[in-house]
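So this block is start.pdb, PDB, C-alpha atoms:
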ATOM      1  CA  MET A   1     159.641 176.059 141.071
ATOM      2  CA  ARG A   2     160.799 173.377 143.504
ATOM      3  CA  PHE A   3     157.207 172.347 144.052
ATOM      4  CA  ILE A   4     156.734 171.707 140.315
ATOM      5  CA  ILE A   5     159.926 169.644 140.194
ATOM      6  CA  TYR A   6     158.743 167.556 143.172
ATOM      7  CA  ILE A   7     155.372 166.970 141.490
ATOM      8  CA  VAL A   8     157.056 165.887 138.245
ATOM      9  CA  VAL A   9     159.409 163.519 140.104
ATOM     10  CA  ILE A  10     156.505 161.977 142.031
ATOM     11  CA  MET A  11     154.500 161.500 138.827
ATOM     12  CA  VAL A  12     157.442 159.814 137.086
ATOM     13  CA  LEU A  13     157.953 157.502 140.060
ATOM     14  CA  MET A  14     154.266 156.607 140.144
ATOM     15  CA  LEU A  15     154.256 155.815 136.424
ATOM     16  CA  SER A  16     157.351 153.621 136.699
ATOM     17  CA  VAL A  17     155.829 151.657 139.608
ATOM     18  CA  ARG A  18     152.664 151.093 137.562
ATOM     19  CA  THR A  19     154.766 149.954 134.589
ATOM     20  CA  TYR A  20     156.609 147.354 136.650
ATOM     21  CA  ALA A  21     153.329 146.125 138.120
ATOM     22  CA  GLU A  22     152.003 145.641 134.578
ATOM     23  CA  GLU A  23     154.844 143.412 133.364
ATOM     24  CA  ILE A  24     155.414 139.729 133.952
ATOM     25  CA  ASN A  25     158.849 138.152 133.786
ATOM     26  CA  VAL A  26     159.026 134.557 132.632
ATOM     27  CA  ILE A  27     161.961 132.995 134.445
ATOM     28  CA  ALA A  28     163.840 129.729 134.115
ATOM     29  CA  ASN A  29     166.659 127.869 135.785
ATOM     30  CA  LYS A  30     170.146 129.018 134.708
ATOM     31  CA  SER A  31     170.651 125.565 133.117
ATOM     32  CA  PHE A  32     167.481 125.786 131.028
ATOM     33  CA  PRO A  33     168.616 125.101 127.446
ATOM     34  CA  VAL A  34     167.209 128.302 125.868
ATOM     35  CA  ASN A  35     167.748 131.977 126.660
ATOM     36  CA  HIS A  36     164.565 133.348 125.109
ATOM     37  CA  ILE A  37     161.060 131.956 124.664
ATOM     38  CA  SER A  38     158.150 132.961 122.449
ATOM     39  CA  THR A  39     154.663 133.420 123.832
ATOM     40  CA  GLN A  40     153.520 130.534 121.596
ATOM     41  CA  THR A  41     156.086 128.159 123.133
ATOM     42  CA  LEU A  42     155.171 129.415 126.598
ATOM     43  CA  LYS A  43     151.525 128.646 125.861
ATOM     44  CA  GLU A  44     152.474 125.130 124.708
ATOM     45  CA  ILE A  45     154.405 124.585 127.957
ATOM     46  CA  TYR A  46     151.579 125.781 130.212
ATOM     47  CA  LEU A  47     149.035 123.691 128.298
ATOM     48  CA  GLY A  48     151.195 120.579 128.649
ATOM     49  CA  GLU A  49     151.817 120.261 124.911
ATOM     50  CA  LYS A  50     155.575 120.855 125.185
ATOM     51  CA  VAL A  51     157.182 118.893 127.993
ATOM     52  CA  THR A  52     160.890 118.793 127.113
ATOM     53  CA  GLU A  53     163.522 121.200 125.839
ATOM     54  CA  GLY A  54     167.012 120.085 124.873
ATOM     55  CA  GLY A  55     166.558 116.768 126.668
ATOM     56  CA  ILE A  56     165.423 118.411 129.903
ATOM     57  CA  ARG A  57     161.941 117.779 131.310
ATOM     58  CA  ILE A  58     160.137 121.125 131.684
ATOM     59  CA  ARG A  59     158.350 121.766 134.980
ATOM     60  CA  PRO A  60     156.138 124.860 134.819
ATOM     61  CA  TYR A  61     155.096 126.668 137.984
ATOM     62  CA  ASP A  62     151.875 128.651 138.335
ATOM     63  CA  HIS A  63     151.383 131.655 140.620
ATOM     64  CA  LYS A  64     148.770 131.309 143.377
ATOM     65  CA  ASN A  65     148.087 135.059 143.511
ATOM     66  CA  PRO A  66     144.758 135.317 141.644
ATOM     67  CA  LYS A  67     145.489 138.745 140.125
ATOM     68  CA  ILE A  68     148.870 137.693 138.684
ATOM     69  CA  ARG A  69     147.548 134.312 137.552
ATOM     70  CA  ARG A  70     144.502 135.866 135.869
ATOM     71  CA  LYS A  71     146.678 138.344 133.957
ATOM     72  CA  PHE A  72     149.009 135.561 132.835
ATOM     73  CA  LEU A  73     146.173 133.274 131.760
ATOM     74  CA  THR A  74     144.224 135.919 129.858
ATOM     75  CA  LYS A  75     147.090 137.898 128.302
ATOM     76  CA  VAL A  76     149.502 135.046 127.563
ATOM     77  CA  LEU A  77     147.438 131.877 127.225
ATOM     78  CA  GLY A  78     144.249 133.561 126.067
ATOM     79  CA  VAL A  79     142.012 131.597 128.447
ATOM     80  CA  SER A  80     139.976 132.327 131.561
ATOM     81  CA  GLU A  81     140.886 130.720 134.866
ATOM     82  CA  ASP A  82     137.789 128.495 134.685
ATOM     83  CA  GLY A  83     138.686 127.477 131.125
ATOM     84  CA  TYR A  84     142.284 126.718 132.167
ATOM     85  CA  ASN A  85     141.169 124.617 135.137
ATOM     86  CA  ALA A  86     138.638 122.720 132.996
ATOM     87  CA  TYR A  87     141.316 122.128 130.348
ATOM     88  CA  TRP A  88     143.669 120.575 132.919
ATOM     89  CA  ILE A  89     140.970 118.418 134.513
ATOM     90  CA  LYS A  90     140.171 116.973 131.099
ATOM     91  CA  LYS A  91     143.853 116.577 130.154
ATOM     92  CA  VAL A  92     144.723 114.802 133.416
ATOM     93  CA  PHE A  93     141.914 112.281 133.095
ATOM     94  CA  GLN A  94     142.116 111.694 129.347
ATOM     95  CA  GLU A  95     145.843 111.883 128.689
ATOM     96  CA  GLY A  96     147.448 111.586 132.097
ATOM     97  CA  GLY A  97     149.057 115.017 131.834
ATOM     98  CA  ILE A  98     150.659 116.764 134.789
ATOM     99  CA  PRO A  99     149.419 120.330 135.384
ATOM    100  CA  PRO A 100     151.768 123.123 136.456
ATOM    101  CA  ILE A 101     152.547 123.185 140.163
ATOM    102  CA  THR A 102     151.138 126.205 142.008
ATOM    103  CA  LYS A 103     153.443 128.167 144.293
ATOM    104  CA  PRO A 104     152.216 130.724 146.858
ATOM    105  CA  SER A 105     154.470 133.683 146.003
ATOM    106  CA  SER A 106     156.943 135.128 143.538
ATOM    107  CA  ASP A 107     159.781 134.488 146.012
ATOM    108  CA  GLU A 108     158.781 130.825 146.224
ATOM    109  CA  ILE A 109     158.577 130.529 142.421
ATOM    110  CA  VAL A 110     162.060 132.032 142.050
ATOM    111  CA  ARG A 111     163.469 129.747 144.775
ATOM    112  CA  THR A 112     161.907 126.642 143.217
ATOM    113  CA  VAL A 113     162.950 127.525 139.656
ATOM    114  CA  ARG A 114     166.481 128.244 140.904
ATOM    115  CA  GLU A 115     166.660 124.678 142.323
ATOM    116  CA  ASP A 116     164.901 122.889 139.439
ATOM    117  CA  THR A 117     166.881 122.425 136.198
ATOM    118  CA  GLY A 118     163.672 122.232 134.145
ATOM    119  CA  GLY A 119     161.864 124.878 136.150
ATOM    120  CA  ILE A 120     160.017 127.733 134.476
ATOM    121  CA  GLY A 121     157.648 130.223 136.081
ATOM    122  CA  TYR A 122     156.229 133.723 135.929
ATOM    123  CA  ILE A 123     156.344 136.603 138.384
ATOM    124  CA  ILE A 124     155.515 140.295 138.416
ATOM    125  CA  ARG A 125     158.588 142.186 137.260
ATOM    126  CA  ASN A 126     160.758 143.393 140.164
ATOM    127  CA  GLU A 127     158.615 141.621 142.749
ATOM    128  CA  ALA A 128     161.366 139.192 143.729
ATOM    129  CA  ASP A 129     165.143 138.869 143.561
ATOM    130  CA  VAL A 130     165.827 137.006 140.308
ATOM    131  CA  SER A 131     169.499 136.311 140.916
ATOM    132  CA  GLY A 132     170.302 132.693 140.122
ATOM    133  CA  VAL A 133     167.631 132.414 137.398
ATOM    134  CA  LYS A 134     167.375 133.801 133.892
ATOM    135  CA  ILE A 135     164.629 135.925 132.429
ATOM    136  CA  LEU A 136     163.373 134.374 129.196
ATOM    137  CA  LEU A 137     160.673 136.897 128.373
ATOM    138  CA  THR A 138     159.056 140.064 129.715
ATOM    139  CA  ILE A 139     155.372 140.452 128.873
ATOM    140  CA  ASP A 140     153.283 143.606 129.128
ATOM    141  CA  VAL A 141     150.014 142.581 130.826
ATOM    142  CA  GLY A 142     148.630 146.074 131.409
ATOM    143  CA  ASP A 143     144.965 146.737 130.808
TER     144      ASP A 143
END

Conversion result in structure tokens:
Amino acid sequence: MRFIIYIVVIMVLMLSVRTYAEEINVIANKSFPVNHISTQTLKEIYLGEKVTEGGIRIRPYDHKNPKIRRKFLTKVLGVSEDGYNAYWIKKVFQEGGIPPITKPSSDEIVRTVREDTGGIGYIIRNEADVSGVKILLTIDVGD
């Protein structure tokens, strides 16, 4: 009987780890003027179409980790990484836009967003300590 209980507990733990790994938290500075964001607004921010909120200049941060970035781009923005890069090359040269700044890790994104009033970024849920920032949206990016 104990063996069955152990197996069930292990399976539940494995499923919860997979769930966390399949969710992205969109985080912002505590002073960011909104407490929730839609995926459409998030898309506008990461495509450089929305650059201010409540008088604050928005500074989006991209994740360098290719797996996390790919999930964010495909599930949230609906574009491939090549399409996203091509979009920003064109936007920079034709409109003078500023692409999101890439940070090497979730910890670095949290640290930077914490220090930047207009900062917004995305991380895998529970991958970093999010104290000092607020979570605007949690997105399921599972396959």

Picked residues, the PyMOL selection byres ((chain A and resi 33) around 12), expected as a list in words: Ala28, Asn29, Lys30, Ser31, Phe32, Val34, Asn35, His36, Ile37, Thr52, Glu53, Gly54, Gly55, Ile56, Arg57, Ile58, Thr117, Gly118, Gly119, Ile120, Lys134 and Leu136 of chain A

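Residues selected in this file by the PyMOL selection byres ((chain A and resi 75-88) around 9) comprise Thr39, Gln40, Leu42, Lys43, Glu44, Tyr46, Leu47, Gly48, Arg69, Arg70, Lys71, Phe72, Leu73, Thr74, Ile89, Lys90, Lys91, Val92, Phe93, Gly97, Ile98, Pro99, Ile139, Asp140, Val141 and Gly142 of chain A.
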
As a check of understanding, name the residues that the PyMOL selection byres ((chain A and resi 68) around 10) selects in the supplied structure, as a CSV table (one decimal) with C-alpha atoms, in the frame of the given file.
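Saved the output as out.csv:
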chain,number,residue,atom,x,y,z
A,21,ALA,CA,153.3,146.1,138.1
A,22,GLU,CA,152.0,145.6,134.6
A,23,GLU,CA,154.8,143.4,133.4
A,24,ILE,CA,155.4,139.7,134.0
A,62,ASP,CA,151.9,128.7,138.3
A,63,HIS,CA,151.4,131.7,140.6
A,64,LYS,CA,148.8,131.3,143.4
A,65,ASN,CA,148.1,135.1,143.5
A,66,PRO,CA,144.8,135.3,141.6
A,67,LYS,CA,145.5,138.7,140.1
A,69,ARG,CA,147.5,134.3,137.6
A,70,ARG,CA,144.5,135.9,135.9
A,71,LYS,CA,146.7,138.3,134.0
A,72,PHE,CA,149.0,135.6,132.8
A,73,LEU,CA,146.2,133.3,131.8
A,106,SER,CA,156.9,135.1,143.5
A,122,TYR,CA,156.2,133.7,135.9
A,123,ILE,CA,156.3,136.6,138.4
A,124,ILE,CA,155.5,140.3,138.4
A,141,VAL,CA,150.0,142.6,130.8

Length of the atom CA of A:Ile101 to atom CA of A:Val133 vector [Å]: 17.9 Å

Computed interatomic separation between atom CA of A:Pro60 and atom CA of A:Glu115 (Å): 12.9 Å

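With all atoms listed in the file as the atoms that count, the residue of A:Tyr61, A:Ala128, A:Leu137, A:Asp116 with the shortest distance to A:Lys103 is A:Tyr61.
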
Atomic distance atom CA of A:Val51 - atom CA of A:Gly132, expressed in Å with one decimal: 22.6 Å

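With distances taken over only C-alpha atoms, A:Ser38 is the one residue among A:Ser105, A:Gln94, A:Ser38, A:Ser131 lying closest to A:Val26.
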
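Residue nearest A:Val113 within the list A:Asn25, A:Arg59, A:Lys50, A:Thr138: A:Arg59 [criterion: smallest interatomic distance, all atoms listed in the file].
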